[in-house]
file upload_0.cif (mmCIF, C-alpha atoms and all ligand atoms)
data_query
#
loop_
_atom_site.group_PDB
_atom_site.id
_atom_site.type_symbol
_atom_site.label_atom_id
_atom_site.label_comp_id
_atom_site.auth_asym_id
_atom_site.auth_seq_id
_atom_site.Cartn_x
_atom_site.Cartn_y
_atom_site.Cartn_z
ATOM 1 C CA MET L 1 39.355 -26.764 -137.047
ATOM 2 C CA GLY L 2 42.448 -25.811 -135.022
ATOM 3 C CA ARG L 3 41.699 -22.125 -135.423
ATOM 4 C CA GLU L 4 38.091 -22.607 -134.347
ATOM 5 C CA HIS L 5 39.306 -24.454 -131.291
ATOM 6 C CA GLU L 6 41.725 -21.636 -130.426
ATOM 7 C CA GLU L 7 38.978 -19.056 -130.860
ATOM 8 C CA LEU L 8 36.684 -21.008 -128.541
ATOM 9 C CA GLN L 9 39.457 -21.340 -125.962
ATOM 10 C CA ARG L 10 40.146 -17.608 -126.140
ATOM 11 C CA ARG L 11 36.471 -16.850 -125.589
ATOM 12 C CA VAL L 12 36.196 -19.182 -122.618
ATOM 13 C CA VAL L 13 39.255 -17.564 -120.984
ATOM 14 C CA HIS L 14 37.870 -14.097 -121.707
ATOM 15 C CA THR L 15 34.462 -14.948 -120.196
ATOM 16 C CA GLY L 16 36.188 -16.531 -117.184
ATOM 17 C CA ARG L 17 38.182 -13.341 -116.596
ATOM 18 C CA GLN L 18 35.018 -11.249 -116.869
ATOM 19 C CA ILE L 19 33.266 -13.430 -114.268
ATOM 20 C CA VAL L 20 36.256 -13.168 -111.895
ATOM 21 C CA THR L 21 36.298 -9.354 -112.322
ATOM 22 C CA ILE L 22 32.612 -9.156 -111.438
ATOM 23 C CA PHE L 23 32.877 -11.357 -108.339
ATOM 24 C CA GLN L 24 36.351 -10.367 -107.123
ATOM 25 C CA PRO L 25 35.213 -7.595 -104.760
ATOM 26 C CA ALA L 26 32.820 -10.061 -103.079
ATOM 27 C CA ILE L 27 35.467 -12.736 -102.412
ATOM 28 C CA PRO L 28 37.022 -11.189 -99.254
ATOM 29 C CA PHE L 29 33.530 -10.559 -97.908
ATOM 30 C CA VAL L 30 32.415 -14.161 -98.524
ATOM 31 C CA VAL L 31 35.623 -15.562 -96.967
ATOM 32 C CA GLN L 32 35.239 -13.330 -93.894
ATOM 33 C CA ALA L 33 31.567 -14.281 -93.481
ATOM 34 C CA ALA L 34 32.504 -17.982 -93.657
ATOM 35 C CA VAL L 35 35.360 -17.577 -91.130
ATOM 36 C CA SER L 36 33.111 -15.543 -88.818
ATOM 37 C CA MET L 37 30.337 -18.127 -89.025
ATOM 38 C CA GLY L 38 32.792 -20.970 -88.357
ATOM 39 C CA ALA L 39 34.182 -19.193 -85.275
ATOM 40 C CA TYR L 40 30.663 -18.428 -84.025
ATOM 41 C CA ALA L 41 29.563 -22.059 -84.472
ATOM 42 C CA GLY L 42 32.769 -23.200 -82.711
ATOM 43 C CA GLY L 43 32.041 -20.809 -79.813
ATOM 44 C CA LEU L 44 28.469 -22.114 -79.447
ATOM 45 C CA ALA L 45 29.668 -25.738 -79.601
ATOM 46 C CA THR L 46 32.253 -24.964 -76.885
ATOM 47 C CA ALA L 47 29.526 -23.371 -74.726
ATOM 48 C CA GLN L 48 27.386 -26.485 -75.174
ATOM 49 C CA ALA L 49 30.318 -28.747 -74.216
ATOM 50 C CA ILE L 50 31.052 -26.658 -71.101
ATOM 51 C CA GLY L 51 27.330 -26.808 -70.193
ATOM 52 C CA SER L 52 27.439 -30.582 -70.582
ATOM 53 C CA ALA L 53 30.573 -30.888 -68.405
ATOM 54 C CA LEU L 54 28.924 -28.760 -65.674
ATOM 55 C CA ARG L 55 25.644 -30.753 -66.051
ATOM 56 C CA ILE L 56 23.755 -27.609 -67.092
ATOM 57 C CA SER L 57 21.008 -28.328 -69.630
ATOM 58 C CA CYS L 58 18.449 -26.187 -71.426
ATOM 59 C CA GLY L 59 15.997 -27.283 -68.715
ATOM 60 C CA THR L 60 18.159 -26.172 -65.757
ATOM 61 C CA PRO L 61 16.500 -23.201 -64.021
ATOM 62 C CA VAL L 62 18.552 -19.972 -63.925
ATOM 63 C CA PHE L 63 21.872 -21.567 -64.988
ATOM 64 C CA GLY L 64 20.446 -22.848 -68.320
ATOM 65 C CA PRO L 65 19.518 -19.373 -69.665
ATOM 66 C CA LEU L 66 22.560 -17.796 -67.973
ATOM 67 C CA GLY L 67 24.936 -20.340 -69.546
ATOM 68 C CA GLY L 68 23.301 -19.719 -72.932
ATOM 69 C CA LEU L 69 23.694 -15.943 -72.574
ATOM 70 C CA LEU L 70 27.397 -16.283 -71.713
ATOM 71 C CA GLY L 71 27.779 -18.786 -74.573
ATOM 72 C CA VAL L 72 26.312 -16.367 -77.136
ATOM 73 C CA GLY L 73 28.583 -13.592 -75.812
ATOM 74 C CA PHE L 74 31.649 -15.858 -76.050
ATOM 75 C CA ALA L 75 30.752 -17.084 -79.568
ATOM 76 C CA SER L 76 30.162 -13.494 -80.759
ATOM 77 C CA ALA L 77 33.536 -12.349 -79.374
ATOM 78 C CA MET L 78 35.161 -15.317 -81.189
ATOM 79 C CA ALA L 79 33.411 -14.336 -84.435
ATOM 80 C CA GLY L 80 34.704 -10.763 -84.106
ATOM 81 C CA GLN L 81 38.296 -11.891 -83.438
ATOM 82 C CA ALA L 82 38.225 -14.404 -86.299
ATOM 83 C CA THR L 83 37.093 -11.681 -88.708
ATOM 84 C CA ILE L 84 39.879 -9.336 -87.560
ATOM 85 C CA LYS L 85 42.525 -12.091 -88.003
ATOM 86 C CA CYS L 86 41.076 -13.085 -91.352
ATOM 87 C CA GLN L 87 41.382 -9.512 -92.580
ATOM 88 C CA ARG L 88 45.023 -9.329 -91.512
ATOM 89 C CA VAL L 89 45.803 -12.461 -93.517
ATOM 90 C CA GLN L 90 43.911 -11.078 -96.497
ATOM 91 C CA SER L 91 45.563 -7.653 -96.376
ATOM 92 C CA ASP L 92 49.075 -9.156 -96.024
ATOM 93 C CA GLY L 93 48.515 -11.537 -98.909
ATOM 94 C CA LEU L 94 47.171 -15.034 -98.416
ATOM 95 C CA ARG L 95 50.487 -16.832 -99.007
ATOM 96 C CA ARG L 96 52.471 -14.666 -96.589
ATOM 97 C CA GLY L 97 49.648 -14.820 -94.066
ATOM 98 C CA LEU L 98 49.604 -18.598 -94.030
ATOM 99 C CA LEU L 99 53.401 -19.001 -94.015
ATOM 100 C CA ASP L 100 54.061 -16.376 -91.370
ATOM 101 C CA PRO L 101 52.192 -17.029 -88.113
ATOM 102 C CA GLY L 102 53.333 -13.567 -86.987
ATOM 103 C CA VAL L 103 50.617 -12.063 -89.167
ATOM 104 C CA LEU L 104 48.007 -13.805 -87.040
ATOM 105 C CA LEU L 105 49.671 -12.957 -83.739
ATOM 106 C CA ARG L 106 50.426 -9.352 -84.582
ATOM 107 C CA GLY L 107 48.367 -6.678 -82.814
ATOM 108 C CA GLN L 108 47.087 -7.066 -79.321
ATOM 109 C CA LEU L 109 43.744 -8.410 -78.261
ATOM 110 C CA ARG L 110 41.619 -5.401 -77.466
ATOM 111 C CA PRO L 111 39.296 -6.046 -74.487
ATOM 112 C CA GLU L 112 36.911 -3.347 -75.741
ATOM 113 C CA ASP L 113 36.474 -5.302 -79.005
ATOM 114 C CA LEU L 114 35.696 -8.523 -77.129
ATOM 115 C CA MET L 115 33.251 -6.732 -74.833
ATOM 116 C CA ALA L 116 31.485 -4.803 -77.615
ATOM 117 C CA ASP L 117 31.132 -7.939 -79.787
ATOM 118 C CA ALA L 118 29.802 -10.002 -76.878
ATOM 119 C CA VAL L 119 27.216 -7.367 -75.911
ATOM 120 C CA LEU L 120 26.159 -6.770 -79.530
ATOM 121 C CA GLY L 121 25.928 -10.513 -80.204
ATOM 122 C CA ILE L 122 23.717 -11.030 -77.139
ATOM 123 C CA ALA L 123 21.493 -8.081 -78.142
ATOM 124 C CA PHE L 124 21.134 -9.337 -81.760
ATOM 125 C CA PHE L 125 20.365 -12.845 -80.568
ATOM 126 C CA ARG L 126 17.581 -11.576 -78.286
ATOM 127 C CA VAL L 127 16.128 -9.133 -80.830
ATOM 128 C CA MET L 128 16.029 -11.891 -83.450
ATOM 129 C CA GLY L 129 13.910 -14.003 -81.078
ATOM 130 C CA GLY L 130 16.617 -16.300 -79.706
ATOM 131 C CA LYS L 131 16.092 -18.278 -76.483
ATOM 132 C CA PHE L 132 19.267 -18.381 -74.401
ATOM 133 C CA ARG L 133 18.333 -21.691 -72.738
ATOM 134 C CA SER L 134 18.373 -23.447 -76.112
ATOM 135 C CA VAL L 135 22.147 -22.886 -76.463
ATOM 136 C CA MET L 136 22.735 -25.444 -73.675
ATOM 137 C CA PRO L 137 22.511 -29.227 -74.309
ATOM 138 C CA SER L 138 19.094 -30.960 -74.162
ATOM 139 C CA ASP L 139 18.065 -33.017 -71.140
ATOM 140 C CA LEU L 140 16.227 -36.108 -72.423
ATOM 141 C CA THR L 141 13.907 -36.126 -69.398
ATOM 142 C CA LYS L 142 12.696 -32.567 -70.169
ATOM 143 C CA VAL L 143 11.495 -30.565 -73.173
ATOM 144 C CA GLY L 144 14.481 -30.228 -75.545
ATOM 145 C CA ALA L 145 16.421 -27.213 -76.782
ATOM 146 C CA ILE L 146 15.072 -27.460 -80.348
ATOM 147 C CA ALA L 147 11.391 -27.818 -79.298
ATOM 148 C CA LYS L 148 8.932 -25.610 -81.097
ATOM 149 C CA GLU L 149 5.510 -27.045 -81.839
ATOM 150 C CA SER L 150 3.809 -29.760 -79.792
ATOM 151 C CA MET L 151 0.267 -31.123 -79.432
ATOM 152 C CA PRO L 152 -1.917 -32.285 -76.519
ATOM 153 C CA ALA L 153 -1.349 -35.975 -75.696
ATOM 154 C CA ALA L 154 -4.177 -38.417 -75.065
ATOM 155 C CA GLY L 155 -2.983 -39.341 -71.583
ATOM 156 C CA MET L 156 -0.144 -41.856 -71.383
ATOM 157 C CA LYS L 157 -1.201 -43.718 -74.538
ATOM 158 C CA TYR L 158 0.847 -43.786 -77.721
ATOM 159 C CA ALA L 159 0.029 -41.188 -80.364
ATOM 160 C CA THR L 160 -2.718 -42.209 -82.818
ATOM 161 C CA ASP L 161 -1.903 -42.534 -86.523
ATOM 162 C CA GLU L 162 -3.500 -39.172 -87.193
ATOM 163 C CA LYS L 163 -1.387 -37.442 -84.529
ATOM 164 C CA ARG L 164 1.716 -39.250 -85.738
ATOM 165 C CA ARG L 165 1.176 -37.861 -89.235
ATOM 166 C CA GLU L 166 1.087 -34.357 -87.755
ATOM 167 C CA LEU L 167 4.154 -35.093 -85.617
ATOM 168 C CA HIS L 168 5.939 -36.330 -88.733
ATOM 169 C CA ARG L 169 5.289 -32.932 -90.290
ATOM 170 C CA PHE L 170 6.761 -31.137 -87.211
ATOM 171 C CA PHE L 171 9.732 -33.531 -87.273
ATOM 172 C CA LYS L 172 10.560 -32.874 -90.927
ATOM 173 C CA ARG L 173 10.204 -29.124 -90.435
ATOM 174 C CA ASP L 174 11.865 -28.542 -87.014
ATOM 175 C CA GLY L 175 13.745 -31.778 -86.262
ATOM 176 C CA CYS L 176 13.887 -33.924 -83.094
ATOM 177 C CA HIS L 177 13.167 -31.613 -80.132
ATOM 178 C CA HIS L 178 16.229 -32.953 -78.300
ATOM 179 C CA CYS L 179 18.997 -33.320 -80.915
ATOM 180 C CA GLY L 180 17.606 -31.591 -84.012
ATOM 181 C CA THR L 181 17.955 -34.462 -86.502
ATOM 182 C CA ARG L 182 15.314 -34.906 -89.200
ATOM 183 C CA LYS L 183 16.469 -38.418 -90.100
ATOM 184 C CA GLY L 184 14.552 -41.660 -89.518
ATOM 185 C CA ALA L 185 11.100 -42.249 -88.071
ATOM 186 C CA VAL L 186 9.329 -39.901 -85.671
ATOM 187 C CA VAL L 187 8.329 -40.846 -82.123
ATOM 188 C CA GLY L 188 5.567 -38.972 -80.260
ATOM 189 C CA ASP L 189 7.482 -38.091 -77.092
ATOM 190 C CA HIS L 190 5.356 -37.584 -73.972
ATOM 191 C CA MET L 191 6.339 -34.488 -71.996
ATOM 192 C CA PRO L 192 6.444 -34.684 -69.031
ATOM 193 C CA PRO L 193 7.465 -38.380 -69.354
ATOM 194 C CA ASN L 194 4.864 -41.013 -68.403
ATOM 195 C CA LYS L 195 6.941 -42.266 -65.464
ATOM 196 C CA HIS L 196 7.022 -38.781 -63.922
ATOM 197 C CA VAL L 197 3.252 -38.427 -64.377
ATOM 198 C CA GLN L 198 2.705 -41.841 -62.794
ATOM 199 C CA GLU L 199 4.808 -40.749 -59.816
ATOM 200 C CA VAL L 200 2.616 -37.673 -59.310
ATOM 201 C CA LEU L 201 -0.521 -39.852 -59.468
ATOM 202 C CA ASN L 202 0.927 -42.332 -56.984
ATOM 203 C CA ALA L 203 1.905 -39.522 -54.625
ATOM 204 C CA ASN L 204 -1.666 -38.165 -54.770
ATOM 205 C CA ARG L 205 -3.032 -41.585 -53.946
ATOM 206 C CA ARG L 206 -0.634 -42.016 -51.070
ATOM 207 C CA ARG L 207 -1.942 -38.801 -49.602
ATOM 208 C CA LEU L 208 -5.390 -40.428 -49.678
ATOM 209 C CA LEU L 209 -6.504 -37.763 -52.088
ATOM 210 C CA GLY L 210 -7.258 -40.351 -54.729
ATOM 211 C CA SER L 211 -10.577 -41.347 -53.124
ATOM 212 C CA ALA L 212 -11.502 -37.807 -52.057
ATOM 213 C CA LEU L 213 -10.840 -36.513 -55.571
ATOM 214 C CA LYS L 214 -13.963 -38.321 -56.780
ATOM 215 C CA TYR L 215 -15.984 -35.464 -55.345
ATOM 216 C CA LYS L 216 -16.304 -32.347 -57.475
ATOM 217 C CA ILE L 217 -16.242 -30.084 -54.437
ATOM 218 C CA VAL L 218 -12.826 -31.451 -53.409
ATOM 219 C CA GLN L 219 -11.549 -31.045 -56.982
ATOM 220 C CA ARG L 220 -12.770 -27.446 -57.164
ATOM 221 C CA SER L 221 -11.355 -26.504 -53.776
ATOM 222 C CA MET L 222 -7.983 -27.971 -54.657
ATOM 223 C CA ALA L 223 -7.932 -26.255 -58.050
ATOM 224 C CA ALA L 224 -8.773 -22.945 -56.332
ATOM 225 C CA LEU L 225 -5.784 -23.482 -54.043
ATOM 226 C CA GLY L 226 -3.557 -24.218 -57.040
ATOM 227 C CA LEU L 227 -3.009 -27.869 -56.019
ATOM 228 C CA PRO L 228 -2.692 -30.584 -58.700
ATOM 229 C CA THR L 229 -6.059 -32.314 -58.939
ATOM 230 C CA GLY L 230 -5.239 -35.142 -61.257
ATOM 231 C CA GLN L 231 -3.085 -36.262 -64.072
ATOM 232 C CA PRO L 232 -0.683 -33.496 -65.196
ATOM 233 C CA LEU L 233 -1.401 -32.494 -68.782
ATOM 234 C CA GLN L 234 1.040 -34.054 -71.213
ATOM 235 C CA ARG L 235 2.026 -33.072 -74.738
ATOM 236 C CA TYR L 236 3.608 -34.905 -77.649
ATOM 237 C CA TYR L 237 6.868 -33.535 -79.061
ATOM 238 C CA PRO L 238 8.532 -34.844 -82.244
ATOM 239 C CA GLN L 239 11.531 -37.015 -81.327
ATOM 240 C CA CYS L 240 13.984 -39.329 -83.134
ATOM 241 C CA ARG L 241 14.386 -43.023 -82.264
ATOM 242 C CA PRO L 242 17.942 -42.874 -80.835
ATOM 243 C CA CYS L 243 16.895 -40.075 -78.410
ATOM 244 C CA SER L 244 13.754 -42.028 -77.499
ATOM 245 C CA GLN L 245 15.805 -45.138 -76.641
ATOM 246 C CA LYS L 246 18.335 -43.223 -74.539
ATOM 247 C CA GLN L 247 15.469 -41.387 -72.837
ATOM 248 C CA ALA L 248 13.740 -44.650 -71.852
ATOM 249 C CA ALA L 249 16.887 -45.764 -69.989
ATOM 250 C CA ALA L 250 17.394 -42.326 -68.387
ATOM 251 C CA VAL L 251 13.790 -42.110 -67.120
ATOM 252 C CA ARG L 252 13.877 -45.733 -65.886
ATOM 253 C CA ASN L 253 17.048 -45.064 -63.884
ATOM 254 C CA GLY L 254 15.750 -41.705 -62.642
ATOM 255 C CA ARG L 255 18.759 -39.872 -64.099
ATOM 256 C CA SER L 256 19.049 -36.892 -66.376
ATOM 257 C CA HIS L 257 20.820 -37.614 -69.665
ATOM 258 C CA LEU L 258 22.229 -34.674 -71.625
ATOM 259 C CA VAL L 259 22.552 -34.821 -75.421
ATOM 260 C CA PHE L 260 24.177 -32.394 -77.848
ATOM 261 C CA HIS L 261 22.020 -30.682 -80.425
ATOM 262 C CA GLU L 262 22.981 -29.267 -83.806
ATOM 263 C CA VAL L 263 24.621 -25.882 -83.247
ATOM 264 C CA LEU L 264 23.490 -23.967 -86.341
ATOM 265 C CA HIS L 265 20.214 -25.871 -86.654
ATOM 266 C CA ARG L 266 17.484 -24.344 -88.757
ATOM 267 C CA GLY L 267 13.922 -24.704 -87.500
ATOM 268 C CA GLY L 268 12.546 -25.195 -84.006
ATOM 269 C CA GLN L 269 13.807 -22.751 -81.415
ATOM 270 C CA SER L 270 17.025 -22.161 -83.309
ATOM 271 C CA SER L 271 16.564 -20.415 -86.616
ATOM 272 C CA ALA L 272 17.902 -17.325 -88.334
ATOM 273 C CA TRP L 273 18.906 -15.769 -85.013
ATOM 274 C CA HIS L 274 21.689 -18.315 -84.792
ATOM 275 C CA TYR L 275 23.539 -16.118 -87.253
ATOM 276 C CA ALA L 276 23.581 -13.111 -84.881
ATOM 277 C CA GLY L 277 27.273 -13.660 -84.140
ATOM 278 C CA VAL L 278 28.091 -13.639 -87.843
ATOM 279 C CA LEU L 279 26.551 -10.209 -88.187
ATOM 280 C CA VAL L 280 28.701 -9.090 -85.257
ATOM 281 C CA GLY L 281 31.783 -10.522 -86.965
ATOM 282 C CA MET L 282 30.936 -8.622 -90.112
ATOM 283 C CA ARG L 283 31.001 -5.403 -88.064
ATOM 284 C CA HIS L 284 34.768 -5.555 -88.483
ATOM 285 C CA GLN L 285 34.453 -5.756 -92.248
ATOM 286 C CA ASN L 286 36.890 -3.378 -93.948
ATOM 287 C CA GLU L 287 38.305 -2.122 -90.673
ATOM 288 C CA ASN L 288 41.796 -2.416 -92.174
ATOM 289 C CA LYS L 289 40.822 0.150 -94.738
ATOM 290 C CA THR L 290 40.007 2.663 -92.023
ATOM 291 C CA ASN L 291 42.638 4.245 -89.810
ATOM 292 C CA ARG L 292 43.037 1.332 -87.463
ATOM 293 C CA LYS L 293 46.588 0.918 -86.116
ATOM 294 C CA TYR L 294 48.168 -2.399 -85.148
HETATM 295 ZN ZN ZN F 1 17.004 -36.851 -81.351
#
call {"tool": "encode", "arguments": {"input": "upload_0.cif", "output": "structure tokens"}}
result
Amino acid sequence: MGREHEELQRRVVHTGRQIVTIFQPAIPFVVQAAVSMGAYAGGLATAQAIGSALRISCGTPVFGPLGGLLGVGFASAMAGQATIKCQRVQSDGLRRGLLDPGVLLRGQLRPEDLMADAVLGIAFFRVMGGKFRSVMPSDLTKVGAIAKESMPAAGMKYATDEKRRELHRFFKRDGCHHCGTRKGAVVGDHMPPNKHVQEVLNANRRRLLGSALKYKIVQRSMAALGLPTGQPLQRYYPQCRPCSQKQAAAVRNGRSHLVFHEVLHRGGQSSAWHYAGVLVGMRHQNENKTNRKY
């Protein structure tokens, strides 16, 4: 019995060693990819926080996309630097690397690395179908950063059961169009919000166009001139309850309310292209093995 047990133990250890031998070459690569991805996500989260502090949302004209572009560049440069540092720790031995902060500080920051990573990251992001505006926080009074699919709304009324079922499907697939969560019940969010539509209608009436608009000829002439002839078309977007509640207060008070969205969210506007910075980080893979000097 004892001998059998020993034999079994020996085999388990042997198999374990074999597995380690097979996967060993992949370990540094996996660690570097994880560090790169963490730095990239941290860079994007920082960009979103800066956007929030400057009151720039994904719906802000010009500054929204510009902030997103700078954010992707910053996150990509961070991913590149994190990979370089990670390699230094790995090549100097993990224990020494962690005990000696000098390993991390050694070697100067090369501006050409930062620049090349930022430019490459931005290019990857764009090629992979990324939308720069969706890096910035969502404004609850506008279409959110995560928004992908929507459907025509039946005026200002609540979504019918049939439409809600479809919205539920969008919600589970892409998440809340403002924050990205897939948890809880779905709300059919009117975009533009009902209050804004009502304001447009009231403004039309004030201009005495309400009565004139009854006539087709007036409607056609206005449409030809590109003037709004009636109720702006609204669409339903999938939204979570907490966002819906905060939005109601924001719209009522006539204020914009910015919310953070998941940084590496899958689905909606933010999918695989969110990993562009990780690919940039991996550009530095095995640089230590080449003739790089520190
Ligand atoms: Zn939400």
call {"tool": "residues_near_ligand", "arguments": {"input": "upload_0.cif", "ligand": "ligand ZN 1 (chain F)", "cutoff": "12 Å", "atoms": "all atoms listed in the file", "output": "PyMOL selection string"}}
result
chain L and resi 137-140+143-147+171+174-189+237-247+258-262
call {"tool": "resolve_selection", "arguments": {"input": "upload_0.cif", "expression": "the PyMOL selection byres (((chain L and resi 149-162) around 8) and not hetatm)", "output": "ChimeraX atom specification"}}
result
/L:147-148,163-167,170,188,190,194,233-238,268
call {"tool": "atom_distance", "arguments": {"input": "upload_0.cif", "atom1": "atom CA of Gln198 of chain L", "atom2": "atom CA of Pro65 of chain L"}}
result
28.9 Å
call {"tool": "residues_around", "arguments": {"input": "upload_0.cif", "residues": "Lys195 of chain L", "least_positions_apart": "3", "cutoff": "12 Å", "atoms": "only C-alpha atoms", "output": "list in words"}}
result
Thr141, Met156, His190, Met191, Pro192, Gln198, Glu199, Val200, Leu201, Asn202, Gln231, Pro232, Gln234, Gln247, Ala248, Ala249, Ala250, Val251, Arg252, Asn253 and Gly254 of chain L
call {"tool": "resolve_selection", "arguments": {"input": "upload_0.cif", "expression": "the PyMOL selection byres (((chain L and resi 274) around 12) and not hetatm)", "output": "VMD selection string"}}
result
chain L and resid 37 to 38 40 to 41 43 to 44 71 to 72 75 to 76 121 to 122 124 to 132 134 to 135 262 to 273 275 to 280
call {"tool": "resolve_selection", "arguments": {"input": "upload_0.cif", "expression": "the PyMOL selection byres (((chain L and resi 84) around 9) and not hetatm)", "output": "number ranges by chain"}}
result
L: 32, 79-83, 85-89, 281, 284-285, 287-288
call {"tool": "closest_residue", "arguments": {"input": "upload_0.cif", "among": "L:Ile50, L:Ala45, L:Ala26, L:Met136", "to": "Leu69 of chain L", "atoms": "all atoms listed in the file"}}
result
L:Met136
call {"tool": "axis_aligned_box", "arguments": {"input": "upload_0.cif", "around": "segment 33-38 of chain L", "padding_each_side": "8 Å", "output": "AutoDock Vina command-line options"}}
result
--center_x 32.8 --center_y -17.6 --center_z -91.0 --size_x 21.0 --size_y 22.7 --size_z 21.3
call {"tool": "atom_distance", "arguments": {"input": "upload_0.cif", "atom1": "atom CA of Phe74 of chain L", "atom2": "atom CA of Ala118 of chain L"}}
result
6.2 Å
call {"tool": "atom_distance", "arguments": {"input": "upload_0.cif", "atom1": "atom CA of Glu112 of chain L", "atom2": "atom CA of Arg133 of chain L"}}
result
26.3 Å
call {"tool": "closest_residue", "arguments": {"input": "upload_0.cif", "among": "L:Ile22, L:Ala77, L:Met115, L:Cys58", "to": "Lys142 of chain L", "atoms": "all atoms listed in the file"}}
result
L:Cys58
call {"tool": "closest_residue", "arguments": {"input": "upload_0.cif", "among": "L:Ala47, L:Arg255, L:Ile56, L:Asp92", "to": "Leu70 of chain L", "atoms": "only C-alpha atoms"}}
result
L:Ala47
